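Here the structure comes first, spelled out in structure tokens, and everything after it is commentary.
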Amino acid sequence: LGSSLRGTLDRLQGKTRLDEEDVEEVVREIQRSLIQADVEIDLVMELSDSIEQRALEEEPPGGTTARDFVLRIVYEEMVDLVGESTDLPLEPQTILLAGLQGSGKTTTAAKMAWWFSKKGLRPAVIQTDTFRPGAYDQAKEMAERAEVTFYGDPDADDPVQIARDGLAATEEADIHIVDTAGRHALEEGLIDEIQEIDAVVEPDRSLLVMDAALGQGAKDQAQRFEEAIGIDGVAITKLDGTAKGGGALTAVNETDSSIAFLGTGETVQDVERFEPNGFISRLLGMGDLKQLAERVERAMADTDTDEEDWDPEDILEGQFTLKDMRHQMDAMNKMGPLDQVLDMIPGLGGGIKDQLPDDAMDVTQDRMRSFDIVMDSMTEDELENPRSIGASQTRRIARGSGQPEERVQELLEQHRMMERTLKQFQGMGDADMQRMMKR
Ligand code: GDP
Ligand code: MG
């Protein structure tokens with residue numbers, strides 16, 4: 001379904017502004033992708049409302065396409081929701097893992113221990129699951145594979161006592177990861193037990209371990225564990241499967257926490273620290289959204305400086321760069337075709353217009369958009385000195401912008417033509433002229 005979102009967005013590629021219909025279509029596709037990824041429906045609506053509002057209210061910066069603009073908004077709103085990775089300082093601490101049976105706690109305990117050991121710390125895994133047969137052996141084996149200290153007691157039946165003994169027995173370690181039992185459902189016993197363990201362990205952080213495939217159940221689970229022990233972060237497991245982990249958004253939202261780790265396989269090395277970009281891009285089935293958001297941001301910054309630098313008077317003094325042309329194009333985009341604009345300027349009526357070459361100012365909307373894309377791939381110097389652009393630069397610009405070389409040449413030809421035309425105006429230097437240049 002990410003592909004239909006991509007399809008919708010690609011249709012916006014050539015547009016510089018979004019109408020209401022475009023926004024609605026994008027928002028619908030985003031909703032579909034998020035629901036497909038198991039994001040809770042209330043959250044989907046909340047997200048899509050704010051995306052829709054911003055897309056309709058905010059002005060796309062010059063030099064960005066409508067597609068990039070709306071994607072940036074989507075990315076920002078999603079980052080806002082999932083937040084940055086759970087803070088995990090590389091210092092001594094105790095971490096308690098909670099979650100239902102089969103969610104991946106024991107695996108995650110070993111993975112986290114391995115991760116911390118790679119950071120130069122000395123982790124210990126303490127296994128307190130007395131409920132599940134084989135839990136001790138499984139945890140011990142995984143801790144061995146991670147090459148970290150392990151504590152457990154296959155003969156004991158009091159998880160709270162094991163936790164207490166375990167902390168004492170692994171005093172030398174600086175990271176204590178306490179693994180707990182999970183049951184099939186959230187029955188009272190489980191919650192009582194983890195509360196007691198929590199009281200003894202006094203963890204610095206409690207993480208909720210959640211299967212990526214957990215969809216609408218995420219809310220209830222997150223609420224119960226949050227009430228019982230307070231959740232500081234979420235570890236999502238089994239992201240190597242088809243599930244996208246949208247339930248984690250619910251959990252993060254319910255517990256007012258963030259995501260700490262991602263589990264991407266069955267071995268102890270299959271663990272990643274959470275990073276919003278990859279996760280969100282995957283959730284939406286899109287490419288690298290962060291890179292794109294940054295590109296739009298850069299374009300916005302560029303536009304801002306351009307505004308400051310841009311002085312219509314320069315044109316009157318004989319300087320007509322591609323940047324000026326771009327401003328002209330932007331202005332035309334807002335006002336309509338230039339010949340109509342000329343009609344609106346008193347004293348610049350028919351006479352002068354008739355002297356212009358027919359297609360001097362005839363830049364259609366589509367051509368303007370592709371020119372915009374071409375100019376995005378030019379260097380500052382090329383924009384300032386278009387006459388310096390030779391054949392090899394033309395090739396490079398074409399490749400970089402994904403436009404045919406002819407389009408680059410066309411742009412340069414258009415620029416030359418406009419420049420020639422403007423030269424005819426030069427010397428007029430009156431208020432009318434200035435008004436024409438200003439937006
Ligand atoms: P626990 O009951 O919460 O302790 O869950 P376990 O750690 O025993 O994991 C349950 C099952 O899920 C085991 O078969 C694990 O190998 C598997 N598992 C856990 N994490 C991952 C993961 O990130 N990817 C895959 N493919 N399997 C995982
Ligand atoms: Mg377990």
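Each chain of the structure tokens is named A, B, ... in the order shown, its residues numbered from 1; ligands are numbered from 1 in display order.
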Within 7 Å of Thr255 of chain A, counting only C-alpha atoms, which residues show up once you throw out same-chain ones fewer than 5 positions away? Write them as an MDAnalysis selection string, please. chainID A and resid 222:223 226 231
Can I get the selection written as an mmCIF file, in the first residue's frame, with N, CA and C atoms?
```
data_model
loop_
_atom_site.group_PDB
_atom_site.id
_atom_site.type_symbol
_atom_site.label_atom_id
_atom_site.label_comp_id
_atom_site.auth_asym_id
_atom_site.auth_seq_id
_atom_site.Cartn_x
_atom_site.Cartn_y
_atom_site.Cartn_z
ATOM 1 N N ALA A 222 -0.327 -1.562 26.756
ATOM 2 C CA ALA A 222 0.509 -0.427 27.159
ATOM 3 C C ALA A 222 -0.072 0.237 28.399
ATOM 4 N N GLN A 223 -1.379 0.398 28.421
ATOM 5 C CA GLN A 223 -2.026 1.045 29.568
ATOM 6 C C GLN A 223 -1.797 0.247 30.847
ATOM 7 N N GLU A 226 1.828 0.379 31.957
ATOM 8 C CA GLU A 226 2.120 1.753 32.375
ATOM 9 C C GLU A 226 1.601 1.979 33.800
ATOM 10 N N ILE A 231 6.132 2.818 32.184
ATOM 11 C CA ILE A 231 6.938 2.414 31.029
ATOM 12 C C ILE A 231 7.751 3.608 30.523
#
```
Expected answer as number ranges by chain: residues within 7 Å of ligand 1, only C-alpha atoms and all ligand atoms: A: 99-108, 181-182, 237-241, 263-266, 270
As a list in words, which residues of segment 199-280 of chain A does DSSP assign to strand (DSSP E or B)?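 Answer for segment 199-280 of chain A restricted to strand (DSSP E or B) is Arg205, Ser206, Leu207, Leu208, Val209, Met210, Asp211, Gly233, Val234, Ala235, Ile236, Thr237, Ile259, Ala260, Phe261, Leu262, Gly263, Val271, Glu272 and Arg273 of chain A.
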What's around Ala143 of chain A at 10 Å? Count only C-alpha atoms, leave out sequence neighbours fewer than 5 positions away in its own chain, and write the answer as a ChimeraX atom specification. /A:106-107,109-111,113-114,123-127,137-138,148-151,268
Suppose we keep C-alpha atoms; can you now write the selection as a PDB file, in the first residue's frame?
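out_15.pdb, freshly written:
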```pdb
ATOM      1  CA  THR A 106      14.111 -13.062  26.678  1.00  0.00           C
ATOM      2  CA  THR A 107      15.519 -12.555  23.198  1.00  0.00           C
ATOM      3  CA  ALA A 109      17.272  -9.096  27.060  1.00  0.00           C
ATOM      4  CA  ALA A 110      20.160 -10.952  25.426  1.00  0.00           C
ATOM      5  CA  LYS A 111      20.216  -8.567  22.460  1.00  0.00           C
ATOM      6  CA  ALA A 113      23.076  -7.087  26.778  1.00  0.00           C
ATOM      7  CA  TRP A 114      25.064  -7.747  23.604  1.00  0.00           C
ATOM      8  CA  PRO A 123      25.959  -6.327  31.231  1.00  0.00           C
ATOM      9  CA  ALA A 124      24.273  -9.136  33.131  1.00  0.00           C
ATOM     10  CA  VAL A 125      20.979 -10.778  32.278  1.00  0.00           C
ATOM     11  CA  ILE A 126      18.827 -11.892  35.214  1.00  0.00           C
ATOM     12  CA  GLN A 127      16.131 -14.373  34.298  1.00  0.00           C
ATOM     13  CA  ASP A 137      17.719 -22.786  29.492  1.00  0.00           C
ATOM     14  CA  GLN A 138      16.644 -20.439  26.718  1.00  0.00           C
ATOM     15  CA  VAL A 148      27.441 -11.710  28.929  1.00  0.00           C
ATOM     16  CA  THR A 149      26.963 -12.628  32.577  1.00  0.00           C
ATOM     17  CA  PHE A 150      23.843 -14.611  33.342  1.00  0.00           C
ATOM     18  CA  TYR A 151      21.894 -15.318  36.489  1.00  0.00           C
ATOM     19  CA  VAL A 268      21.568 -11.712  19.595  1.00  0.00           C
TER      20      VAL A 268
END
```
Could you check which of A:Leu214, A:Val271, A:Ala228, A:Leu167 is closest to Val200 of chain A, using only C-alpha atoms?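 Checking each candidate against Val200 of chain A, we get A:Leu167 as the closest.
Rounded to one decimal, atom CA of Leu422 of chain A and atom CA of Arg369 of chain A lie 22.0 Å from each other.
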Excluding Leu289 of chain A and its own-chain neighbours fewer than 2 positions away, which residues fall within 9 Å of it when counting only C-alpha atoms? Please give them as a list in words.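 Near Leu289 of chain A, the qualifying residues are Leu71, Arg72, Tyr75, Asn277, Gly278, Ile280, Ser281, Met286, Gly287, Gln291, Leu292, Ala293 and Glu294 of chain A.
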Please write the residues from the selection above to a file, keeping N, CA and C atoms, as a short mmCIF file (atom, residue, chain, number, x, y, z; two decimals), in the first residue's frame.
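See result_26.cif below for the written result:
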```
data_model
loop_
_atom_site.label_atom_id
_atom_site.label_comp_id
_atom_site.auth_asym_id
_atom_site.auth_seq_id
_atom_site.Cartn_x
_atom_site.Cartn_y
_atom_site.Cartn_z
N LEU A 71 5.32 15.64 1.87
CA LEU A 71 6.04 14.56 2.54
C LEU A 71 6.80 15.07 3.76
N ARG A 72 7.30 16.28 3.63
CA ARG A 72 8.02 16.86 4.76
C ARG A 72 7.08 17.05 5.94
N TYR A 75 6.41 13.70 7.46
CA TYR A 75 7.57 13.25 8.22
C TYR A 75 7.65 13.98 9.57
N ASN A 277 13.78 8.03 11.50
CA ASN A 277 13.66 8.08 10.03
C ASN A 277 13.37 6.72 9.40
N GLY A 278 14.23 5.75 9.70
CA GLY A 278 14.08 4.43 9.10
C GLY A 278 12.73 3.83 9.44
N ILE A 280 9.87 5.34 10.39
CA ILE A 280 8.74 6.03 9.78
C ILE A 280 8.69 5.76 8.27
N SER A 281 9.85 5.80 7.64
CA SER A 281 9.90 5.52 6.20
C SER A 281 9.35 4.13 5.91
N MET A 286 7.86 4.18 2.34
CA MET A 286 8.51 5.19 1.51
C MET A 286 10.02 5.07 1.63
N GLY A 287 10.72 5.74 0.75
CA GLY A 287 12.18 5.77 0.83
C GLY A 287 12.64 6.61 2.00
N GLN A 291 15.99 12.43 4.53
CA GLN A 291 16.80 13.09 3.53
C GLN A 291 15.93 14.08 2.76
N LEU A 292 14.73 13.64 2.44
CA LEU A 292 13.82 14.49 1.69
C LEU A 292 13.40 15.71 2.50
N ALA A 293 13.07 15.46 3.77
CA ALA A 293 12.65 16.57 4.62
C ALA A 293 13.77 17.61 4.73
N GLU A 294 14.99 17.10 4.78
CA GLU A 294 16.13 18.02 4.88
C GLU A 294 16.31 18.82 3.60
#
```
Between A:Ala98, A:Leu88, A:Met329, A:Ile175, which has the minimum distance to Ile259 of chain A (counting only C-alpha atoms)? A:Leu88
His415 of chain A: which residues within 9 Å, counting only C-alpha atoms, same-chain residues fewer than 4 positions away excluded, as a PyMOL selection string? chain A and resi 320-322+325+386+410-411+419-420
Any chance you could export the current selection's N, CA and C atoms as an mmCIF file, in the first residue's frame?
```
data_model
loop_
_atom_site.group_PDB
_atom_site.id
_atom_site.type_symbol
_atom_site.label_atom_id
_atom_site.label_comp_id
_atom_site.auth_asym_id
_atom_site.auth_seq_id
_atom_site.Cartn_x
_atom_site.Cartn_y
_atom_site.Cartn_z
ATOM 1 N N PHE A 320 20.757 39.906 -15.137
ATOM 2 C CA PHE A 320 19.557 39.073 -15.106
ATOM 3 C C PHE A 320 20.001 37.620 -14.992
ATOM 4 N N THR A 321 19.972 37.113 -13.776
ATOM 5 C CA THR A 321 20.469 35.767 -13.538
ATOM 6 C C THR A 321 19.314 34.779 -13.563
ATOM 7 N N LEU A 322 19.667 33.513 -13.434
ATOM 8 C CA LEU A 322 18.625 32.481 -13.367
ATOM 9 C C LEU A 322 17.787 32.636 -12.109
ATOM 10 N N MET A 325 15.239 35.008 -12.905
ATOM 11 C CA MET A 325 14.250 34.355 -13.760
ATOM 12 C C MET A 325 13.304 33.513 -12.920
ATOM 13 N N PRO A 386 24.578 31.960 -15.678
ATOM 14 C CA PRO A 386 24.115 30.906 -16.582
ATOM 15 C C PRO A 386 24.911 30.848 -17.876
ATOM 16 N N GLU A 410 16.803 24.301 -23.090
ATOM 17 C CA GLU A 410 15.598 25.106 -23.251
ATOM 18 C C GLU A 410 15.538 26.204 -22.183
ATOM 19 N N LEU A 411 15.877 25.798 -20.959
ATOM 20 C CA LEU A 411 15.884 26.756 -19.857
ATOM 21 C C LEU A 411 16.889 27.872 -20.127
ATOM 22 N N GLU A 419 16.366 37.704 -21.030
ATOM 23 C CA GLU A 419 17.407 38.705 -20.773
ATOM 24 C C GLU A 419 17.431 39.743 -21.904
ATOM 25 N N ARG A 420 17.397 39.232 -23.163
ATOM 26 C CA ARG A 420 17.373 40.127 -24.321
ATOM 27 C C ARG A 420 16.174 41.070 -24.247
#
```
With only C-alpha atoms and all ligand atoms as the basis for distance, which of A:Pro133, A:Pro92, A:Gly402, A:Pro60 is at the shortest distance from ligand 2? A:Pro133
Determine, counting only C-alpha atoms, which protein, DNA and RNA residues have an atom within 10 Å of an atom of Gln36 of chain A; residues of the same chain fewer than 3 positions away are not included. Present the result as a ChimeraX atom specification. /A:1-2,30-33,39-40,215,243-244,246,283-284
May I have the residues from that selection written out with N, CA and C atoms, as a short mmCIF file (atom, residue, chain, number, x, y, z; two decimals), in the first residue's frame?
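To be explicit, this is the file written out as again33.cif:
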```
data_model
loop_
_atom_site.label_atom_id
_atom_site.label_comp_id
_atom_site.auth_asym_id
_atom_site.auth_seq_id
_atom_site.Cartn_x
_atom_site.Cartn_y
_atom_site.Cartn_z
N LEU A 1 0.82 -1.22 0.00
CA LEU A 1 0.00 0.00 0.00
C LEU A 1 0.85 1.25 0.00
N GLY A 2 2.07 1.07 0.53
CA GLY A 2 2.99 2.20 0.45
C GLY A 2 3.13 2.64 -1.00
N ILE A 30 -2.24 8.16 3.14
CA ILE A 30 -1.45 8.04 4.37
C ILE A 30 -2.24 7.28 5.42
N GLN A 31 -3.51 7.60 5.54
CA GLN A 31 -4.37 6.88 6.48
C GLN A 31 -4.34 5.39 6.18
N ARG A 32 -4.48 5.08 4.89
CA ARG A 32 -4.50 3.68 4.50
C ARG A 32 -3.20 2.98 4.86
N SER A 33 -2.07 3.62 4.57
CA SER A 33 -0.77 3.02 4.89
C SER A 33 -0.62 2.81 6.39
N VAL A 39 -1.37 0.97 12.92
CA VAL A 39 -1.47 2.14 13.78
C VAL A 39 -2.94 2.29 14.17
N GLU A 40 -3.15 2.58 15.41
CA GLU A 40 -4.50 2.67 15.95
C GLU A 40 -5.30 3.78 15.26
N GLY A 215 -1.37 -5.31 16.93
CA GLY A 215 -2.09 -4.18 16.38
C GLY A 215 -2.94 -3.48 17.42
N ALA A 243 5.27 -7.45 9.50
CA ALA A 243 4.61 -6.43 10.31
C ALA A 243 5.46 -5.18 10.40
N LYS A 244 4.80 -4.06 10.41
CA LYS A 244 5.55 -2.79 10.37
C LYS A 244 5.68 -2.13 11.74
N GLY A 246 3.30 -0.68 13.74
CA GLY A 246 2.48 0.50 14.03
C GLY A 246 1.90 0.51 15.42
N LEU A 283 7.31 2.41 7.86
CA LEU A 283 5.89 2.39 8.22
C LEU A 283 5.04 2.88 7.06
N LEU A 284 5.53 3.89 6.37
CA LEU A 284 4.77 4.45 5.25
C LEU A 284 5.12 3.80 3.92
#
```
Counting only C-alpha atoms and all ligand atoms, which residue out of A:Thr65, A:Ser50, A:Gln13, A:Thr130 sits closest to ligand 2?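 Distance minimum relative to ligand 2 lands on A:Thr130.
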Spatial neighbours of Ser392 of chain A, 12 Å, only C-alpha atoms, chain gap at least 6 places, as a ChimeraX atom specification: /A:398-399,405,408-409
Save the residues we just selected, N, CA and C atoms, as a PDB file, in the first residue's frame?
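Result file out_37.pdb:
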```
ATOM      1  N   ALA A 398      21.427  17.788 -16.139  1.00  0.00           N
ATOM      2  CA  ALA A 398      20.351  16.929 -16.640  1.00  0.00           C
ATOM      3  C   ALA A 398      20.283  15.648 -15.815  1.00  0.00           C
ATOM      4  N   ARG A 399      21.443  15.041 -15.611  1.00  0.00           N
ATOM      5  CA  ARG A 399      21.483  13.799 -14.828  1.00  0.00           C
ATOM      6  C   ARG A 399      20.958  14.041 -13.419  1.00  0.00           C
ATOM      7  N   GLU A 405      18.489  16.569 -21.370  1.00  0.00           N
ATOM      8  CA  GLU A 405      19.415  17.675 -21.618  1.00  0.00           C
ATOM      9  C   GLU A 405      18.743  18.824 -22.367  1.00  0.00           C
ATOM     10  N   VAL A 408      17.345  21.386 -20.155  1.00  0.00           N
ATOM     11  CA  VAL A 408      18.330  22.312 -19.595  1.00  0.00           C
ATOM     12  C   VAL A 408      18.659  23.385 -20.629  1.00  0.00           C
ATOM     13  N   GLN A 409      18.837  22.919 -21.880  1.00  0.00           N
ATOM     14  CA  GLN A 409      19.145  23.878 -22.951  1.00  0.00           C
ATOM     15  C   GLN A 409      17.983  24.850 -23.165  1.00  0.00           C
TER      16      GLN A 409
END
```
So that I can check the secondary structure, give me every residue of segment 31-275 of chain A assigned alpha helix (DSSP H) by backbone DSSP, as a ChimeraX atom specification. /A:31-36,41-57,66-82,105-118,135-146,159-169,188-201,218-229,247-255
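Using only C-alpha atoms, the smallest distance between any of A:Val178, A:Ile397, A:Met417, A:Met375 and Asp204 of chain A comes from A:Val178.
With distances taken over only C-alpha atoms and all ligand atoms, A:Tyr136 is the one residue among A:Phe261, A:Phe116, A:Phe279, A:Tyr136 lying closest to ligand 2.
The space separating atom CA of Thr421 of chain A from atom CA of Lys323 of chain A comes to 16.5 Å.
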If you measure from atom 1 (Mg, counted along the ligand's line) of ligand 2 to atom CA of Glu171 of chain A, what distance in Å do you get, rounded to one decimal?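 Atom-to-atom, atom 1 (Mg, counted along the ligand's line) of ligand 2 and atom CA of Glu171 of chain A are spaced 22.6 Å apart.
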